[in-house]
$ cat upload.cif   # mmCIF, C-alpha atoms
data_entry
#
loop_
_atom_site.label_atom_id
_atom_site.label_comp_id
_atom_site.auth_asym_id
_atom_site.auth_seq_id
_atom_site.Cartn_x
_atom_site.Cartn_y
_atom_site.Cartn_z
CA MET B 1 177.99 -50.27 -38.78
CA PHE B 2 175.11 -48.46 -40.48
CA LYS B 3 177.23 -47.77 -43.56
CA LYS B 4 178.32 -51.42 -43.79
CA ILE B 5 174.71 -52.61 -43.60
CA THR B 6 173.67 -50.03 -46.18
CA LEU B 7 176.38 -51.05 -48.63
CA GLY B 8 175.48 -54.70 -48.15
CA LEU B 9 171.89 -54.00 -49.18
CA ILE B 10 173.11 -52.74 -52.54
CA PHE B 11 174.27 -56.20 -53.61
CA LEU B 12 171.05 -57.84 -52.40
CA LEU B 13 168.43 -55.49 -53.79
CA THR B 14 169.69 -53.53 -56.79
CA ALA B 15 167.48 -53.89 -59.87
CA THR B 16 167.46 -53.35 -63.60
CA HIS B 17 167.50 -49.54 -63.63
CA ALA B 18 169.80 -46.92 -62.18
CA PHE B 19 168.40 -43.43 -61.66
CA ILE B 20 170.39 -40.35 -60.78
CA ASN B 21 169.13 -38.23 -57.91
CA ILE B 22 166.12 -36.25 -59.16
CA SER B 23 166.29 -33.30 -56.75
CA PRO B 24 164.92 -30.14 -58.44
CA GLN B 25 167.66 -27.98 -59.90
CA ASN B 26 167.81 -24.38 -58.63
CA ILE B 27 169.59 -21.88 -60.87
CA GLY B 28 172.71 -20.41 -59.28
CA GLU B 29 172.78 -22.89 -56.39
CA LYS B 30 175.94 -24.71 -57.53
CA LYS B 31 177.95 -22.46 -59.82
CA GLY B 32 180.24 -24.24 -62.23
CA ALA B 33 180.30 -27.83 -63.48
CA ASP B 34 179.40 -30.98 -61.57
CA GLY B 35 178.15 -34.48 -62.30
CA GLU B 36 176.69 -37.68 -60.95
CA VAL B 37 176.82 -41.39 -61.77
CA SER B 38 174.32 -44.05 -60.63
CA VAL B 39 174.90 -47.81 -60.91
CA GLY B 40 172.89 -50.96 -60.24
CA ALA B 41 173.24 -54.67 -60.97
CA LYS B 42 171.42 -57.89 -60.17
CA PHE B 43 172.49 -61.50 -60.75
CA SER B 44 170.73 -64.65 -59.52
CA SER B 45 170.57 -68.31 -60.60
CA GLY B 46 168.76 -71.51 -59.68
CA ASN B 47 165.00 -71.22 -59.25
CA THR B 48 165.22 -67.59 -60.38
CA ASP B 49 167.64 -66.90 -63.21
CA ASN B 50 167.95 -63.12 -63.58
CA ARG B 51 170.68 -60.83 -64.84
CA ALA B 52 170.36 -57.06 -65.01
CA VAL B 53 172.59 -54.01 -65.17
CA GLY B 54 171.81 -50.30 -65.16
CA LEU B 55 173.86 -47.13 -65.51
CA SER B 56 172.94 -43.44 -65.50
CA ALA B 57 175.12 -40.34 -65.68
CA LYS B 58 174.52 -36.61 -65.52
CA VAL B 59 176.74 -33.61 -66.28
CA GLN B 60 175.55 -30.09 -65.39
CA TYR B 61 176.80 -26.52 -65.67
CA ASP B 62 175.25 -23.83 -63.48
CA SER B 63 175.67 -20.05 -63.78
CA ALA B 64 174.04 -17.11 -62.01
CA ASP B 65 170.96 -16.97 -64.26
CA TRP B 66 170.88 -20.24 -66.23
CA LEU B 67 171.79 -23.91 -66.03
CA SER B 68 172.11 -26.75 -68.51
CA PHE B 69 172.52 -30.50 -68.10
CA ILE B 70 172.77 -33.76 -70.05
CA ILE B 71 171.48 -37.11 -68.75
CA ALA B 72 172.34 -40.48 -70.28
CA SER B 73 171.03 -43.85 -69.08
CA TYR B 74 170.99 -47.48 -70.20
CA SER B 75 169.60 -50.68 -68.73
CA TYR B 76 169.62 -54.31 -69.83
CA GLY B 77 168.01 -57.33 -68.20
CA GLU B 78 167.35 -61.01 -68.84
CA SER B 79 165.12 -63.57 -67.11
CA ARG B 80 165.70 -67.27 -67.90
CA GLY B 81 167.45 -66.29 -71.11
CA ASP B 82 164.69 -63.95 -72.34
CA VAL B 83 165.38 -60.22 -72.59
CA ASN B 84 162.96 -58.26 -70.40
CA SER B 85 164.70 -54.90 -70.45
CA ASN B 86 166.80 -53.15 -73.09
CA GLU B 87 166.41 -49.40 -73.14
CA GLY B 88 168.42 -46.23 -73.33
CA LEU B 89 167.89 -42.47 -73.10
CA LEU B 90 169.78 -39.24 -73.80
CA HIS B 91 168.28 -35.98 -72.51
CA TRP B 92 169.49 -32.35 -72.77
CA ARG B 93 167.83 -29.41 -71.01
CA TYR B 94 168.51 -25.67 -70.76
CA ILE B 95 166.79 -23.57 -68.08
CA HIS B 96 166.99 -19.76 -67.88
CA ALA B 97 165.68 -17.52 -65.12
CA ILE B 98 163.17 -14.74 -65.84
CA ASN B 99 164.60 -12.00 -63.64
CA GLY B 100 162.34 -10.56 -60.96
CA THR B 101 159.84 -13.43 -61.17
CA PRO B 102 159.52 -16.98 -59.75
CA TYR B 103 159.44 -18.28 -63.35
CA ASP B 104 162.11 -19.90 -65.55
CA TRP B 105 161.84 -20.79 -69.24
CA GLU B 106 163.30 -24.06 -70.50
CA VAL B 107 163.92 -26.03 -73.69
CA PHE B 108 164.86 -29.69 -74.07
CA LEU B 109 165.75 -32.44 -76.54
CA GLN B 110 165.49 -36.18 -75.91
CA GLY B 111 166.21 -39.39 -77.77
CA GLU B 112 165.39 -42.88 -76.47
CA PHE B 113 164.75 -46.50 -77.41
CA ASN B 114 163.00 -49.37 -75.64
CA LYS B 115 163.19 -52.70 -77.44
CA PHE B 116 161.00 -54.50 -74.90
CA GLN B 117 158.18 -52.01 -75.64
CA LYS B 118 158.79 -52.24 -79.41
CA ILE B 119 160.12 -48.67 -79.62
CA LYS B 120 162.96 -48.47 -82.15
CA HIS B 121 163.46 -44.81 -81.32
CA ARG B 122 161.50 -41.88 -79.91
CA ASP B 123 162.68 -38.30 -80.39
CA LEU B 124 161.35 -35.27 -78.51
CA ALA B 125 161.84 -31.51 -78.80
CA GLY B 126 160.01 -29.02 -76.63
CA GLY B 127 159.98 -26.22 -74.11
CA GLY B 128 157.89 -24.32 -71.61
CA LEU B 129 157.83 -22.52 -68.27
CA ARG B 130 158.35 -23.67 -64.71
CA ARG B 131 157.37 -21.86 -61.51
CA ARG B 132 158.93 -22.21 -58.09
CA PHE B 133 156.68 -22.26 -55.00
CA MET B 134 157.91 -21.58 -51.48
CA GLY B 135 156.53 -23.27 -48.38
CA TYR B 136 156.59 -26.74 -46.80
CA PHE B 137 159.04 -28.32 -49.25
CA ASP B 138 162.73 -27.50 -49.60
CA THR B 139 162.14 -27.00 -53.33
CA PHE B 140 158.90 -27.27 -55.32
CA TYR B 141 158.36 -26.63 -59.05
CA ILE B 142 155.42 -26.95 -61.41
CA GLY B 143 156.18 -26.96 -65.13
CA LEU B 144 153.98 -26.59 -68.21
CA GLY B 145 154.82 -26.60 -71.91
CA LEU B 146 154.59 -28.41 -75.25
CA PHE B 147 156.77 -30.87 -77.14
CA TYR B 148 156.84 -32.64 -80.49
CA SER B 149 157.17 -36.44 -80.38
CA TYR B 150 158.30 -38.72 -83.21
CA MET B 151 158.11 -42.42 -82.38
CA GLU B 152 158.98 -45.33 -84.68
CA PRO B 153 158.17 -48.96 -83.84
CA LYS B 154 160.66 -51.80 -83.95
CA GLU B 155 158.67 -53.17 -86.91
CA ILE B 156 156.01 -51.22 -88.83
CA THR B 157 152.72 -53.14 -89.15
CA LEU B 158 149.03 -52.28 -89.58
CA GLU B 159 148.73 -52.06 -85.78
CA ASP B 160 152.09 -50.46 -85.03
CA LEU B 161 152.72 -47.32 -87.07
CA THR B 162 155.08 -44.39 -86.80
CA ARG B 163 153.50 -41.78 -84.52
CA LYS B 164 153.97 -38.02 -84.85
CA ARG B 165 152.29 -36.00 -82.13
CA VAL B 166 152.29 -32.69 -80.31
CA LYS B 167 151.84 -33.23 -76.57
CA ILE B 168 151.33 -31.12 -73.47
CA ASN B 169 154.19 -31.46 -71.01
CA SER B 170 153.16 -30.93 -67.38
CA TYR B 171 155.20 -31.92 -64.36
CA ILE B 172 155.79 -31.56 -60.62
CA SER B 173 159.28 -31.71 -59.12
CA LEU B 174 159.99 -31.47 -55.38
CA LYS B 175 162.40 -32.21 -52.54
CA LYS B 176 161.74 -32.56 -48.80
CA THR B 177 164.42 -33.14 -46.16
CA PHE B 178 163.32 -34.96 -43.00
CA SER B 179 166.70 -35.45 -41.30
CA GLU B 180 170.41 -35.61 -42.10
CA ASN B 181 169.89 -39.30 -42.96
CA LEU B 182 166.78 -38.98 -45.14
CA PHE B 183 165.43 -36.73 -47.86
CA VAL B 184 162.67 -37.49 -50.36
CA THR B 185 162.47 -36.42 -54.00
CA TYR B 186 159.60 -36.77 -56.46
CA LEU B 187 159.23 -36.20 -60.20
CA GLY B 188 155.88 -36.70 -61.92
CA TYR B 189 154.97 -36.09 -65.59
CA LEU B 190 151.57 -36.08 -67.31
CA GLN B 191 151.74 -35.78 -71.11
CA PRO B 192 148.43 -35.82 -73.04
CA ASN B 193 148.08 -35.54 -76.80
CA THR B 194 146.86 -32.05 -77.74
CA LYS B 195 144.34 -33.55 -80.21
CA GLU B 196 143.06 -36.35 -77.98
CA PHE B 197 143.50 -36.17 -74.21
CA SER B 198 142.71 -39.90 -73.79
CA ASP B 199 146.03 -40.55 -75.56
CA PHE B 200 148.42 -39.74 -72.74
CA SER B 201 151.46 -41.01 -70.92
CA SER B 202 152.60 -40.49 -67.33
CA PHE B 203 155.80 -41.01 -65.36
CA GLN B 204 155.99 -41.07 -61.55
CA LEU B 205 159.31 -41.49 -59.71
CA LEU B 206 159.57 -41.31 -55.90
CA GLN B 207 163.01 -41.56 -54.26
CA PHE B 208 163.92 -42.12 -50.62
CA ASN B 209 167.54 -40.96 -50.28
CA THR B 210 170.08 -41.75 -47.56
CA PRO B 211 173.46 -39.98 -47.69
CA ILE B 212 176.37 -42.33 -46.93
CA THR B 213 179.12 -39.75 -47.42
CA ASP B 214 179.20 -36.26 -48.92
CA ALA B 215 179.56 -37.87 -52.36
CA LEU B 216 177.62 -41.16 -52.01
CA ILE B 217 173.85 -41.46 -51.74
CA LEU B 218 171.81 -44.66 -51.46
CA SER B 219 168.29 -44.37 -52.87
CA LEU B 220 165.19 -46.53 -52.88
CA ASP B 221 163.31 -45.67 -56.09
CA LEU B 222 159.66 -46.42 -56.81
CA LEU B 223 158.78 -45.97 -60.50
CA TYR B 224 155.43 -46.18 -62.26
CA ARG B 225 155.03 -45.53 -65.99
CA TYR B 226 151.74 -45.57 -67.90
CA ASN B 227 151.06 -45.27 -71.62
CA ALA B 228 147.39 -45.22 -72.64
CA THR B 229 148.23 -46.20 -76.24
CA PRO B 230 151.22 -48.58 -76.29
CA TYR B 231 152.17 -50.66 -79.28
CA SER B 232 150.38 -54.02 -79.73
CA GLU B 233 150.73 -56.68 -77.02
CA ILE B 234 152.46 -54.25 -74.64
CA GLU B 235 151.04 -53.59 -71.17
CA LYS B 236 149.87 -50.04 -70.47
CA GLY B 237 151.30 -49.87 -66.95
CA ASP B 238 154.78 -50.69 -65.68
CA PHE B 239 155.88 -50.59 -62.00
CA LYS B 240 159.42 -51.09 -60.71
CA SER B 241 161.21 -50.69 -57.40
CA MET B 242 164.98 -50.49 -57.15
CA ILE B 243 167.90 -49.55 -54.92
CA ASN B 244 170.69 -47.50 -56.49
CA LEU B 245 174.04 -46.11 -55.45
CA ASN B 246 174.66 -42.54 -56.63
CA TYR B 247 178.09 -40.88 -56.73
CA ALA B 248 178.35 -37.11 -57.16
CA PHE B 249 181.53 -35.43 -58.39
#
$ encode --input "upload.cif" --output "C-alpha cells"
Amino acid sequence: MFKKITLGLIFLLTATHAFINISPQNIGEKKGADGEVSVGAKFSSGNTDNRAVGLSAKVQYDSADWLSFIIASYSYGESRGDVNSNEGLLHWRYIHAINGTPYDWEVFLQGEFNKFQKIKHRDLAGGGLRRRFMGYFDTFYIGLGLFYSYMEPKEITLEDLTRKRVKINSYISLKKTFSENLFVTYLGYLQPNTKEFSDFSSFQLLQFNTPITDALILSLDLLYRYNATPYSEIEKGDFKSMINLNYAF
C-alpha cells in the first residue's frame, strides 16, 4: 500500500527539474561502473496551464583509489504558453585519494545554458581538495578550490556582457540515514569572485529520500539558487521544490 501511495504522488507533485541522488561519493565504495537516471514531469490545464519535463542521468566508474563521473541534465517548462524554464548542464569530475590522509584532490569541467536567465552558455574548469570528516553523519565532506568561469549572455548589450572570472569553489556535501525508509542528503556551494567577494553565487539542495526498491528512490528536493550579479531583469534568488523518481543501475 505504501508503495502504491508513493508512486501515485509522483504524478501529482513532480516539477520542472529532475535531480539525481546527491549522496557524497566515497572512493572505493562501489568498485566498477554504475549509473542513475532521474525523471519528472508535470502537466495541468484549465485555471493553471503548466507543462514541464525534466531528466537527469549520471554514469560513474569507481576504483580503489579514484573515481570519475559524468552528469547530464535538462529541463523545459511552460506556463500559459510562455517558457519559464529551458536549461541544460553537462558536468565531469575526477576525484583521486591522497593515500594516508582524509583528503582527496579533484578536477572538474562543466558546460551549461539557461535561456530563462539569459545565459547562452557558461563554461567552467577547476579543481581543489576535499576532506572527509567522521562523526554524526554517514558521510560528510568539505571542499575548497578554484575555477575559471566563462559566461556569455543570450544577447550582448551594454548591461549584459561576456563575463570571465576566477572564483573560489567551496562546498559541503553530506548524508544522514534516519531509518530504512528515510535518508537525507545535502549539497551546498558558495562561489565568490576572487577579485570581489560581493560578486558571488550559491547553490543549496536538500533531499529527503525514500527507497521504494533496491533500485528505485523517491526524493523530495528543496533547491535554492542565488546569484548576486545576474543579467538584467533577472531575479537574484530562485527557489524550487520538486518530487523525483530516481532509478539506479
$ atom_distance --input "upload.cif" --atom1 "CA of Ser179 in chain B" --atom2 "CA of Ile20 in chain B"
20.4 Å
$ residues_near_point --input "upload.cif" --point "(162.3, -39.4, -52.9)" --cutoff "7 Å" --atoms "all atoms listed in the file" --output "PyMOL selection string"
chain B and resi 183-186+206-209
$ write_last_selection --input "upload.cif" --atoms "C-alpha atoms" --output "PDB file, in the coordinates of the input"
ATOM      1  CA  PHE B 183     165.430 -36.730 -47.860  1.00  0.00           C
ATOM      2  CA  VAL B 184     162.670 -37.490 -50.360  1.00  0.00           C
ATOM      3  CA  THR B 185     162.470 -36.420 -54.000  1.00  0.00           C
ATOM      4  CA  TYR B 186     159.600 -36.770 -56.460  1.00  0.00           C
ATOM      5  CA  LEU B 206     159.570 -41.310 -55.900  1.00  0.00           C
ATOM      6  CA  GLN B 207     163.010 -41.560 -54.260  1.00  0.00           C
ATOM      7  CA  PHE B 208     163.920 -42.120 -50.620  1.00  0.00           C
ATOM      8  CA  ASN B 209     167.540 -40.960 -50.280  1.00  0.00           C
TER       9      ASN B 209
END
$ resolve_selection --input "upload.cif" --expression "the PyMOL selection byres ((chain B and resi 88-101) around 10)" --output "PyMOL selection string"
chain B and resi 25-28+54-76+85-87+102-115+121-132
$ atom_distance --input "upload.cif" --atom1 "CA of Leu222 in chain B" --atom2 "CA of Ser241 in chain B"
4.6 Å
$ residues_around --input "upload.cif" --residues "Ile119 in chain B" --least-positions-apart "6" --cutoff "10 Å" --atoms "only C-alpha atoms" --output "PyMOL selection string"
chain B and resi 87+112-113+151-155+160+162+230-231
$ closest_residue --input "upload.cif" --among "B:Ile22, B:Leu223, B:Ile172, B:Ala228" --to "Asn193 in chain B" --atoms "all atoms listed in the file"
B:Ala228
$ residues_around --input "upload.cif" --residues "Asp214 in chain B" --least-positions-apart "6" --cutoff "12 Å" --atoms "only C-alpha atoms" --output "ChimeraX atom specification"
/B:180-181,246-249
$ atom_distance --input "upload.cif" --atom1 "CA of Gly40 in chain B" --atom2 "CA of Ile243 in chain B"
7.4 Å
$ residues_around --input "upload.cif" --residues "Glu196 in chain B" --least-positions-apart "2" --cutoff "12 Å" --atoms "only C-alpha atoms" --output "VMD selection string"
chain B and resid 165 to 168 191 to 194 198 to 201 228 to 229
$ write_last_selection --input "upload.cif" --atoms "C-alpha atoms" --output "JSON list (two decimals), keeping the file's coordinate frame"
[["chain", "number", "residue", "atom", "x", "y", "z"],
["B", 165, "ARG", "CA", 152.29, -36.00, -82.13],
["B", 166, "VAL", "CA", 152.29, -32.69, -80.31],
["B", 167, "LYS", "CA", 151.84, -33.23, -76.57],
["B", 168, "ILE", "CA", 151.33, -31.12, -73.47],
["B", 191, "GLN", "CA", 151.74, -35.78, -71.11],
["B", 192, "PRO", "CA", 148.43, -35.82, -73.04],
["B", 193, "ASN", "CA", 148.08, -35.54, -76.80],
["B", 194, "THR", "CA", 146.86, -32.05, -77.74],
["B", 198, "SER", "CA", 142.71, -39.90, -73.79],
["B", 199, "ASP", "CA", 146.03, -40.55, -75.56],
["B", 200, "PHE", "CA", 148.42, -39.74, -72.74],
["B", 201, "SER", "CA", 151.46, -41.01, -70.92],
["B", 228, "ALA", "CA", 147.39, -45.22, -72.64],
["B", 229, "THR", "CA", 148.23, -46.20, -76.24]]
$ residues_around --input "upload.cif" --residues "Phe140 in chain B" --least-positions-apart "4" --cutoff "8 Å" --atoms "only C-alpha atoms" --output "list of chain:residue names"
B:Pro24, B:Arg132, B:Phe133, B:Met134, B:Ile172, B:Ser173, B:Leu174, B:Lys175
